[in-house]
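Okay, work_10.cif now, which holds mmCIF, C-alpha atoms:
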data_query
loop_
_atom_site.label_atom_id
_atom_site.label_comp_id
_atom_site.auth_asym_id
_atom_site.auth_seq_id
_atom_site.Cartn_x
_atom_site.Cartn_y
_atom_site.Cartn_z
CA MET N 429 28.36 -57.99 1.55
CA VAL N 430 26.09 -60.02 3.85
CA ASN N 431 26.88 -57.80 6.83
CA SER N 432 26.20 -54.72 4.71
CA LEU N 433 22.81 -56.10 3.66
CA LYS N 434 21.92 -56.94 7.25
CA PHE N 435 22.80 -53.42 8.33
CA ARG N 436 20.81 -51.94 5.45
CA SER N 437 17.79 -54.08 6.29
CA SER N 438 18.01 -53.04 9.93
CA LEU N 439 18.29 -49.36 8.98
CA GLU N 440 15.30 -49.58 6.63
CA LYS N 441 13.21 -51.23 9.34
CA GLU N 442 14.16 -48.58 11.90
CA THR N 443 13.64 -45.59 9.63
CA ASN N 444 10.52 -46.99 7.97
CA THR N 445 9.08 -46.89 11.47
CA LEU N 446 9.75 -43.13 11.32
CA ALA N 447 7.52 -42.81 8.25
CA VAL N 448 4.77 -44.97 9.72
CA ILE N 449 4.77 -43.14 13.05
CA ALA N 450 5.02 -39.67 11.52
CA ARG N 451 2.19 -40.26 9.02
CA SER N 452 -0.31 -40.57 11.87
CA ASP N 453 0.46 -36.94 12.76
CA PHE N 454 -0.61 -35.63 9.32
CA PRO N 455 -4.39 -35.52 8.79
CA THR N 456 -4.11 -34.55 5.12
CA LEU N 457 -2.36 -37.83 4.32
CA LYS N 458 -5.29 -39.88 5.63
CA GLN N 459 -7.76 -38.90 2.91
CA THR N 460 -8.79 -40.62 -0.30
CA ASN N 461 -9.74 -39.22 -3.68
CA GLN N 462 -13.17 -39.39 -5.32
CA GLU N 463 -12.47 -42.93 -6.53
CA GLY N 464 -11.60 -44.02 -3.01
CA LYS N 465 -7.89 -44.30 -3.70
CA PRO N 466 -5.55 -43.22 -0.91
CA LEU N 467 -3.82 -39.87 -1.31
CA ILE N 468 -0.12 -40.16 -2.15
CA TYR N 469 1.44 -36.74 -1.73
CA LEU N 470 4.71 -36.38 -3.65
CA ASP N 471 4.85 -32.58 -3.84
CA HIS N 472 6.70 -31.76 -0.64
CA ALA N 473 9.19 -29.47 -2.44
CA ALA N 474 6.29 -27.15 -3.31
CA THR N 475 4.81 -27.16 0.19
CA SER N 476 4.85 -29.54 3.12
CA GLN N 477 1.86 -30.95 4.93
CA LYS N 478 1.20 -29.87 8.52
CA PRO N 479 1.15 -32.21 11.54
CA TYR N 480 -1.42 -32.06 14.34
CA GLN N 481 1.26 -30.59 16.60
CA VAL N 482 1.34 -27.44 14.42
CA LEU N 483 -2.42 -27.28 13.84
CA GLN N 484 -3.10 -27.57 17.57
CA VAL N 485 -0.68 -24.74 18.41
CA LEU N 486 -2.38 -22.48 15.86
CA ASP N 487 -5.80 -23.41 17.21
CA HIS N 488 -4.70 -22.77 20.80
CA TYR N 489 -3.29 -19.34 19.99
CA TYR N 490 -6.41 -18.09 18.24
CA LYS N 491 -8.76 -19.60 20.84
CA HIS N 492 -6.90 -18.63 24.01
CA ASP N 493 -4.03 -16.16 23.47
CA ASN N 494 -5.09 -13.99 20.53
CA ALA N 495 -3.61 -10.52 21.10
CA ASN N 496 -1.01 -8.20 19.63
CA VAL N 497 2.55 -8.74 20.76
CA HIS N 498 4.96 -6.39 22.55
CA ARG N 499 2.35 -3.67 23.07
CA GLY N 500 0.10 -4.76 25.90
CA ALA N 501 0.33 -5.22 29.64
CA HIS N 502 -2.61 -7.62 29.86
CA GLN N 503 -2.33 -11.38 30.14
CA LEU N 504 -3.31 -12.21 26.56
CA SER N 505 -0.64 -9.95 25.12
CA SER N 506 1.90 -11.32 27.58
CA ARG N 507 1.20 -14.93 26.59
CA ALA N 508 1.16 -14.10 22.88
CA THR N 509 4.47 -12.25 23.15
CA GLU N 510 6.06 -15.10 25.07
CA ALA N 511 4.99 -17.67 22.46
CA PHE N 512 6.01 -15.40 19.57
CA GLU N 513 9.48 -14.73 20.93
CA SER N 514 9.88 -18.37 21.92
CA ALA N 515 9.36 -19.24 18.24
CA ARG N 516 12.15 -16.83 17.35
CA GLU N 517 14.46 -18.51 19.86
CA ILE N 518 13.57 -21.94 18.48
CA THR N 519 14.34 -20.75 14.95
CA ALA N 520 17.67 -19.26 16.06
CA GLN N 521 18.74 -22.51 17.72
CA PHE N 522 17.58 -24.48 14.67
CA VAL N 523 20.06 -22.74 12.34
CA GLY N 524 22.83 -22.22 14.89
CA ALA N 525 22.43 -18.46 15.33
CA LYS N 526 24.28 -16.79 18.20
CA ALA N 527 21.20 -14.92 19.38
CA SER N 528 17.47 -14.80 18.65
CA SER N 529 17.88 -11.13 17.69
CA GLU N 530 19.62 -12.37 14.53
CA ILE N 531 16.31 -13.86 13.29
CA ILE N 532 14.07 -11.49 11.33
CA PHE N 533 10.55 -12.76 10.71
CA THR N 534 9.28 -12.11 7.17
CA ARG N 535 6.25 -13.18 5.15
CA ASN N 536 8.32 -15.81 3.32
CA ALA N 537 11.80 -16.43 1.94
CA SER N 538 11.06 -14.26 -1.09
CA GLU N 539 10.45 -11.27 1.14
CA ALA N 540 13.59 -12.10 3.13
CA ILE N 541 15.72 -11.93 -0.03
CA ASN N 542 14.00 -8.72 -1.12
CA LEU N 543 14.65 -7.26 2.33
CA PHE N 544 18.36 -7.87 2.01
CA ALA N 545 18.47 -6.69 -1.60
CA ARG N 546 16.87 -3.41 -0.55
CA CYS N 547 18.48 -2.78 2.81
CA TRP N 548 21.97 -3.97 1.91
CA GLY N 549 22.01 -3.75 -1.87
CA ASP N 550 20.62 -0.24 -2.28
CA PHE N 551 23.14 1.20 0.17
CA THR N 552 26.17 -0.93 -0.73
CA ILE N 553 26.11 -1.87 -4.40
CA LYS N 554 27.22 0.62 -7.03
CA ALA N 555 27.76 0.59 -10.78
CA GLY N 556 30.42 -1.90 -11.81
CA ASP N 557 29.98 -4.14 -8.76
CA GLU N 558 29.12 -7.76 -9.45
CA ILE N 559 26.68 -10.23 -7.92
CA LEU N 560 27.25 -13.92 -8.60
CA LEU N 561 24.19 -16.17 -8.94
CA THR N 562 23.60 -19.59 -10.53
CA VAL N 563 21.41 -20.77 -13.40
CA MET N 564 19.60 -23.16 -11.05
CA GLU N 565 18.18 -20.44 -8.80
CA HIS N 566 14.51 -20.16 -7.91
CA HIS N 567 12.96 -16.99 -9.30
CA SER N 568 12.90 -15.63 -5.73
CA ASN N 569 16.69 -15.54 -5.83
CA LEU N 570 16.88 -14.04 -9.30
CA VAL N 571 14.25 -11.31 -9.66
CA PRO N 572 15.24 -9.25 -6.57
CA TRP N 573 18.80 -9.02 -7.88
CA GLN N 574 17.60 -8.12 -11.37
CA LEU N 575 15.62 -5.28 -9.81
CA LEU N 576 18.70 -4.21 -7.84
CA ALA N 577 20.78 -4.27 -11.03
CA ALA N 578 18.23 -2.02 -12.73
CA ARG N 579 18.51 0.45 -9.84
CA THR N 580 22.28 0.43 -9.45
CA ASN N 581 23.75 -0.68 -12.82
CA CYS N 582 25.61 -3.51 -11.14
CA LEU N 583 26.44 -6.64 -13.13
CA LEU N 584 24.80 -10.00 -12.54
CA ARG N 585 26.84 -13.08 -13.41
CA TYR N 586 25.54 -16.65 -13.52
CA VAL N 587 27.43 -19.82 -12.66
CA SER N 588 26.55 -22.75 -14.89
CA ILE N 589 26.04 -26.42 -14.08
CA THR N 590 27.97 -29.53 -15.07
CA GLU N 591 26.71 -32.12 -17.53
CA ASP N 592 25.40 -34.25 -14.66
CA GLY N 593 23.41 -31.33 -13.23
CA GLN N 594 25.58 -30.08 -10.37
CA LEU N 595 27.07 -26.70 -9.62
CA ASP N 596 30.11 -26.08 -11.82
CA VAL N 597 32.64 -25.11 -9.15
CA GLU N 598 35.35 -24.41 -11.72
CA ASP N 599 33.04 -21.98 -13.51
CA PHE N 600 32.33 -20.36 -10.16
CA LYS N 601 36.04 -19.92 -9.49
CA SER N 602 36.59 -18.42 -12.94
CA GLN N 603 33.85 -15.81 -12.44
CA LEU N 604 34.66 -14.85 -8.86
CA ASN N 605 36.80 -11.71 -8.66
CA GLU N 606 37.53 -8.60 -6.59
CA ARG N 607 34.42 -6.89 -8.01
CA THR N 608 32.16 -9.64 -6.64
CA LYS N 609 30.25 -8.21 -3.68
CA LEU N 610 27.72 -10.98 -3.12
CA VAL N 611 27.27 -14.65 -3.94
CA SER N 612 23.64 -15.72 -3.61
CA LEU N 613 22.77 -19.34 -4.18
CA VAL N 614 20.41 -22.11 -3.25
CA HIS N 615 21.57 -24.77 -0.81
CA VAL N 616 19.48 -27.52 -2.43
CA SER N 617 18.04 -27.09 -5.91
CA ASN N 618 14.27 -27.55 -6.02
CA THR N 619 14.57 -28.90 -9.58
CA LEU N 620 17.95 -30.64 -9.85
CA GLY N 621 18.02 -31.97 -6.30
CA CYS N 622 21.76 -31.32 -6.06
CA ILE N 623 23.20 -30.25 -2.72
CA ASN N 624 25.55 -27.35 -3.36
CA PRO N 625 28.94 -27.18 -1.59
CA VAL N 626 28.05 -24.04 0.33
CA THR N 627 30.95 -24.27 2.78
CA LEU N 628 33.47 -24.30 -0.07
CA ILE N 629 31.62 -21.54 -1.91
CA SER N 630 31.63 -19.40 1.24
CA GLN N 631 35.38 -19.86 1.72
CA LEU N 632 36.08 -18.86 -1.86
CA ALA N 633 33.70 -15.89 -1.75
CA HIS N 634 35.13 -14.58 1.50
CA SER N 635 38.63 -14.73 0.02
CA VAL N 636 37.67 -11.84 -2.28
CA GLY N 637 35.61 -10.03 0.37
CA ALA N 638 32.18 -11.07 -0.95
CA LEU N 639 29.19 -11.90 1.23
CA VAL N 640 27.25 -15.16 0.83
CA LEU N 641 23.46 -15.46 0.94
CA VAL N 642 22.04 -18.99 1.14
CA ASP N 643 18.49 -19.91 0.14
CA ALA N 644 17.85 -22.84 2.49
CA CYS N 645 14.17 -23.41 1.71
CA GLN N 646 14.74 -26.89 0.29
CA SER N 647 17.24 -28.03 2.91
CA LEU N 648 15.92 -26.91 6.30
CA ALA N 649 13.43 -29.78 6.67
CA HIS N 650 15.81 -32.41 5.30
CA LEU N 651 19.37 -31.71 6.49
CA PRO N 652 20.95 -30.45 9.72
CA ILE N 653 21.78 -26.77 9.14
CA ASN N 654 24.32 -24.61 10.96
CA VAL N 655 25.07 -21.16 9.59
CA LYS N 656 28.55 -21.11 11.09
CA GLN N 657 29.51 -24.42 9.49
CA LEU N 658 28.10 -23.27 6.15
CA GLY N 659 30.05 -20.02 6.40
CA ALA N 660 26.95 -18.08 5.30
CA ASP N 661 26.54 -14.37 5.96
CA VAL N 662 22.80 -14.45 5.29
CA LEU N 663 20.39 -17.38 5.26
CA VAL N 664 16.69 -17.39 4.41
CA GLY N 665 13.98 -19.97 4.97
CA SER N 666 10.25 -20.45 4.65
CA SER N 667 7.89 -22.06 7.16
CA HIS N 668 5.60 -23.81 4.72
CA LYS N 669 8.48 -25.92 3.40
CA LEU N 670 9.23 -27.31 6.89
CA CYS N 671 5.79 -28.45 8.06
CA GLY N 672 4.79 -24.98 9.28
CA PRO N 673 2.07 -22.52 8.24
CA THR N 674 2.18 -20.39 5.12
CA GLY N 675 2.73 -16.64 5.39
CA ILE N 676 5.84 -16.73 7.56
CA GLY N 677 9.55 -17.06 6.84
CA PHE N 678 12.78 -15.69 8.22
CA LEU N 679 16.11 -14.09 7.47
CA TRP N 680 19.20 -14.82 9.52
CA ALA N 681 22.25 -12.57 9.54
CA SER N 682 24.79 -11.60 12.17
CA GLU N 683 23.92 -8.78 14.56
CA TYR N 684 26.89 -6.83 13.21
CA LEU N 685 25.56 -6.99 9.65
CA LEU N 686 21.96 -6.29 10.63
CA GLU N 687 22.92 -3.32 12.80
CA SER N 688 24.66 -1.75 9.80
CA LEU N 689 21.52 -1.85 7.65
CA PRO N 690 18.64 0.65 7.50
CA PRO N 691 15.05 -0.53 8.06
CA PHE N 692 13.15 -2.27 5.28
CA LEU N 693 9.63 -0.91 5.88
CA GLY N 694 8.39 1.91 8.09
CA GLY N 695 5.48 1.92 10.53
CA GLY N 696 4.58 0.68 13.96
CA GLU N 697 6.69 -1.80 15.92
CA MET N 698 9.97 -0.93 14.14
CA ILE N 699 10.41 2.43 15.85
CA GLN N 700 11.94 3.58 19.12
CA ASP N 701 10.62 7.17 19.08
CA VAL N 702 8.62 9.12 16.53
CA PHE N 703 8.69 12.91 16.23
CA LEU N 704 7.16 15.06 13.54
CA SER N 705 10.60 15.80 12.13
CA TYR N 706 12.31 12.40 12.47
CA SER N 707 12.12 8.90 13.95
CA SER N 708 14.54 6.52 15.61
CA TRP N 709 14.55 2.78 15.17
CA ALA N 710 13.87 -0.08 17.53
CA LYS N 711 16.59 -2.52 18.47
CA LEU N 712 17.06 -5.78 16.62
CA PRO N 713 15.18 -7.68 15.46
CA HIS N 714 12.19 -5.36 15.57
CA LYS N 715 13.84 -2.71 13.39
CA PHE N 716 13.00 -4.90 10.40
CA GLU N 717 9.50 -5.99 11.45
CA ALA N 718 7.12 -3.13 10.73
CA GLY N 719 3.48 -3.46 11.71
CA THR N 720 1.59 -6.30 13.33
CA PRO N 721 3.45 -9.50 12.50
CA SER N 722 2.07 -12.92 11.56
CA ILE N 723 1.86 -13.95 15.19
CA GLY N 724 0.00 -17.24 14.94
CA GLU N 725 2.04 -18.27 11.92
CA ALA N 726 5.33 -17.56 13.68
CA ILE N 727 4.21 -19.62 16.67
CA GLY N 728 3.20 -22.38 14.26
CA MET N 729 6.61 -22.29 12.60
CA GLY N 730 8.24 -22.68 15.99
CA ALA N 731 6.07 -25.74 16.64
CA ALA N 732 6.99 -27.18 13.23
CA ILE N 733 10.70 -26.76 13.89
CA SER N 734 10.33 -28.38 17.30
CA TYR N 735 8.52 -31.28 15.63
CA LEU N 736 11.36 -31.79 13.13
CA GLN N 737 13.91 -31.63 15.94
CA TYR N 738 11.93 -34.21 17.88
CA LEU N 739 12.05 -36.59 14.92
CA GLY N 740 15.72 -35.78 14.34
CA LEU N 741 17.20 -34.27 11.19
CA ASN N 742 19.86 -36.97 10.93
CA ARG N 743 17.20 -39.66 11.14
CA ILE N 744 15.10 -37.84 8.54
CA GLN N 745 18.08 -37.55 6.21
CA GLU N 746 18.89 -41.27 6.54
CA TRP N 747 15.36 -42.32 5.66
CA GLU N 748 15.05 -39.90 2.78
CA GLN N 749 18.28 -41.20 1.26
CA ILE N 750 16.82 -44.71 1.27
CA LEU N 751 13.65 -43.36 -0.33
CA THR N 752 15.63 -41.49 -2.97
CA GLU N 753 17.66 -44.54 -3.93
CA HIS N 754 14.44 -46.55 -4.22
CA LEU N 755 12.79 -43.86 -6.32
CA PHE N 756 15.69 -43.61 -8.74
CA ALA N 757 15.89 -47.38 -9.07
CA GLY N 758 12.23 -47.43 -10.09
CA LEU N 759 12.42 -44.48 -12.48
CA SER N 760 15.46 -45.98 -14.21
CA GLN N 761 13.23 -48.80 -15.47
CA ILE N 762 10.94 -46.47 -17.43
CA ARG N 763 11.96 -46.15 -21.09
CA GLY N 764 12.58 -42.61 -22.32
CA LEU N 765 12.50 -40.97 -18.88
CA ARG N 766 15.16 -38.26 -18.51
CA ILE N 767 16.22 -37.11 -15.03
CA LEU N 768 17.26 -33.51 -14.50
CA GLY N 769 20.17 -33.30 -12.11
CA PRO N 770 22.62 -35.85 -10.74
CA GLN N 771 21.81 -39.51 -10.51
CA PHE N 772 21.64 -41.03 -7.05
CA SER N 773 24.76 -42.64 -5.61
CA GLN N 774 26.00 -43.42 -2.13
CA GLN N 775 28.97 -41.13 -2.78
CA THR N 776 26.94 -38.20 -4.16
CA HIS N 777 24.01 -37.58 -1.88
CA ARG N 778 21.18 -35.58 -3.35
CA ALA N 779 17.80 -34.30 -2.22
CA ALA N 780 14.77 -36.57 -2.05
CA LEU N 781 13.22 -35.43 -5.32
CA ALA N 782 13.35 -36.23 -9.01
CA SER N 783 12.47 -33.88 -11.86
CA PHE N 784 12.00 -35.73 -15.12
CA THR N 785 10.81 -35.34 -18.71
CA PHE N 786 9.70 -37.39 -21.70
CA GLU N 787 10.21 -36.18 -25.24
CA ASP N 788 6.76 -37.40 -26.30
CA ILE N 789 4.60 -36.61 -23.23
CA HIS N 790 3.91 -33.26 -21.58
CA ALA N 791 4.49 -32.99 -17.84
CA ASN N 792 1.03 -31.51 -17.24
CA ASP N 793 -0.61 -34.52 -18.87
CA LEU N 794 1.36 -36.87 -16.64
CA ALA N 795 0.41 -34.96 -13.50
CA ALA N 796 -3.27 -34.82 -14.44
CA PHE N 797 -3.49 -38.55 -15.15
CA LEU N 798 -1.59 -39.50 -12.00
CA ASP N 799 -3.95 -37.35 -9.96
CA THR N 800 -6.82 -39.66 -10.91
CA SER N 801 -4.86 -42.42 -9.16
CA GLY N 802 -4.54 -40.30 -6.02
CA ILE N 803 -0.93 -39.32 -6.73
CA CYS N 804 0.06 -35.65 -6.35
CA ILE N 805 3.17 -34.56 -8.24
CA ARG N 806 4.24 -31.15 -9.57
CA SER N 807 4.40 -30.17 -13.22
CA GLY N 808 5.64 -26.95 -14.80
CA HIS N 809 8.84 -24.95 -14.53
CA HIS N 810 9.01 -25.03 -10.71
CA CYS N 811 9.93 -21.31 -10.64
CA THR N 812 13.18 -22.14 -12.44
CA GLN N 813 12.52 -21.02 -16.01
CA PRO N 814 16.18 -20.14 -16.81
CA LEU N 815 17.24 -23.62 -15.71
CA HIS N 816 14.62 -25.27 -17.89
CA ARG N 817 15.75 -23.13 -20.84
CA HIS N 818 19.29 -24.33 -20.14
CA TYR N 819 18.00 -27.84 -20.82
CA GLY N 820 16.00 -26.71 -23.85
CA ILE N 821 12.62 -27.50 -22.28
CA THR N 822 9.72 -25.48 -20.87
CA SER N 823 8.54 -27.82 -18.13
CA SER N 824 9.19 -31.02 -16.23
CA ALA N 825 7.39 -33.33 -13.84
CA ARG N 826 8.67 -33.57 -10.28
CA ALA N 827 8.14 -36.09 -7.52
CA SER N 828 9.42 -34.83 -4.18
CA LEU N 829 9.49 -36.95 -1.04
CA SER N 830 9.62 -36.44 2.70
CA PHE N 831 10.08 -38.46 5.86
CA THR N 832 6.37 -39.37 5.68
CA THR N 833 6.83 -41.11 2.31
CA THR N 834 6.93 -44.91 2.29
CA LEU N 835 8.61 -47.38 -0.04
CA GLU N 836 5.19 -48.74 -0.94
CA GLU N 837 4.05 -45.31 -2.10
CA ILE N 838 7.07 -45.03 -4.37
CA ASP N 839 6.36 -48.48 -5.83
CA TYR N 840 2.76 -47.49 -6.55
CA PHE N 841 3.87 -44.18 -8.10
CA VAL N 842 6.38 -45.90 -10.39
CA GLN N 843 3.78 -48.48 -11.40
CA GLU N 844 1.14 -45.84 -12.18
CA LEU N 845 3.65 -43.63 -13.99
CA THR N 846 4.73 -46.58 -16.14
CA GLU N 847 1.13 -47.38 -17.04
CA THR N 848 0.38 -43.71 -17.77
CA VAL N 849 3.38 -43.45 -20.10
CA ASP N 850 2.33 -46.64 -21.87
CA PHE N 851 -1.19 -45.28 -22.29
CA PHE N 852 -0.03 -42.04 -23.88
CA ARG N 853 2.38 -43.79 -26.21
CA LYS N 854 -0.31 -46.25 -27.28
CA HIS N 855 -2.76 -43.47 -28.12
CA ASN N 856 -0.33 -40.96 -29.69
#

Would you encode the structure as structure tokens?
Amino acid sequence: MVNSLKFRSSLEKETNTLAVIARSDFPTLKQTNQEGKPLIYLDHAATSQKPYQVLQVLDHYYKHDNANVHRGAHQLSSRATEAFESAREITAQFVGAKASSEIIFTRNASEAINLFARCWGDFTIKAGDEILLTVMEHHSNLVPWQLLAARTNCLLRYVSITEDGQLDVEDFKSQLNERTKLVSLVHVSNTLGCINPVTLISQLAHSVGALVLVDACQSLAHLPINVKQLGADVLVGSSHKLCGPTGIGFLWASEYLLESLPPFLGGGEMIQDVFLSYSSWAKLPHKFEAGTPSIGEAIGMGAAISYLQYLGLNRIQEWEQILTEHLFAGLSQIRGLRILGPQFSQQTHRAALASFTFEDIHANDLAAFLDTSGICIRSGHHCTQPLHRHYGITSSARASLSFTTTLEEIDYFVQELTETVDFFRKHN
């Protein structure tokens, strides 16, 4: 026990240094509120803050290299194209893709899912086919498939969750069948915090010939990701969740799968030749990237990924697990607080977030009061209305952490939350 505590203390000291060092890279985290209280940002699952390394790359592009990509012979276009395609290569290496041509830049993960639903779904799915989703999905991984079902008369099925808020694998097995053409699920739930067993799900899905799409928005900045190890056929991500700019995301799929699909949108950049009677398409990945892309944003995303790789995803994961354990220990002391999703344990790792409710206090009231103390948390349905209905509630409060979070911030949050709850109960 003593040796274990010594190791734990050493690990906390080492990884806490990660938070202290990293925080100096994030200008947003240095501000105070109107009362002079330091900003404590606990809303990383909604969007991440951006380090200087990303802001400087964006600034450099617009000041020195601003030009359209792929279409010019001059030096500005050449430099812009090099930086843009370098970001694609960085993204490909980040997820373990075989080639950068397997990375399609999109506006965000929502557009990436819609792209696949249109380009694959409209030309593959027919009446009677089934798509298997889960009740914990973000709306971005529900609505596109509902639209596809309306167009094709396919059937959408939904896997439930266990009593402790994890994916019900047995329910998944019972619903998977030879009519299942696609399984689309989140890697890490933005509300429950559970980490889904994607590798197992992929193996089971492939056994009946179904494809697997993984929404990795909540995992890419927190866990090492490799599409081959996950067994995914499609994976989507969003830059703003991994310390990059808004307005840019990506879709990964194998070249074989992408080559079999028609274009998503038509216009410039995605063509090879255009005649008055027909057009031919550009090679991958440009076939799916119509028009002028978000050049600066893509370059910024590449810088963000490089920043995360510099810090080390394993190191980030270790520190965030310590933070999560500390957070749950504090929340467990607050009377009447109900956690959505699995409790923390060393055996069952979960994401560094906690969604919680009180029967007698609305989540929006909690968030508003905590904001006066400089604490930023999320309140609402977190784009998971069906999941909240599953629990019989309309909203929850959520504190989500990152590698920049410190133990002291969690202590202050728990203290202020406790006092806020006491205040409401005293005056109700």

The PyMOL selection byres ((chain N and resi 675-681) around 8) applied to the shown file, residues as a PyMOL selection string: chain N and resi 525+530-537+540-541+661-668+673-674+682-683+685-686+722+725-726+729

Protein/DNA/RNA residues near (-3.2, -15.9, 18.3), cut 7 Å, all atoms listed in the file, as a ChimeraX atom specification: /N:489-490,493-495,508,723-724

Proximity to Leu467 (chain N) - best of N:Tyr480, N:Phe454, N:Gly500, N:Gly820, all atoms listed in the file: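 Residue with the minimum atom-to-atom distance to Leu467 (chain N): N:Phe454.
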
Nearest to Met564 (chain N) by atom-to-atom distance, counting all atoms listed in the file, from N:Thr812, N:Thr776, N:Gln771, N:Asn496: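 The closest residue to Met564 (chain N) is N:Thr812.
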
Nearest to Ser824 (chain N) by atom-to-atom distance, counting all atoms listed in the file, from N:Phe784, N:Phe600, N:Phe551, N:Phe851: N:Phe784

CA of Ile629 (chain N) to CA of Glu591 (chain N), straight-line distance in Å: 19.5 Å

Residue among N:Ser823, N:Ser602, N:Asn654, N:Thr456 lying closest to Asn792 (chain N), counting all atoms listed in the file: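 Looking only at the distances to Asn792 (chain N), the closest residue turns out to be N:Ser823.
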
Selected residue, from N:Gln459, N:Thr785, N:Thr608, N:Gln646, that lies nearest to His634 (chain N) when counting only C-alpha atoms: N:Thr608

Point-to-point distance in Å for CA of Pro455 (chain N) and CA of Thr800 (chain N):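 A separation of 20.3 Å between them.
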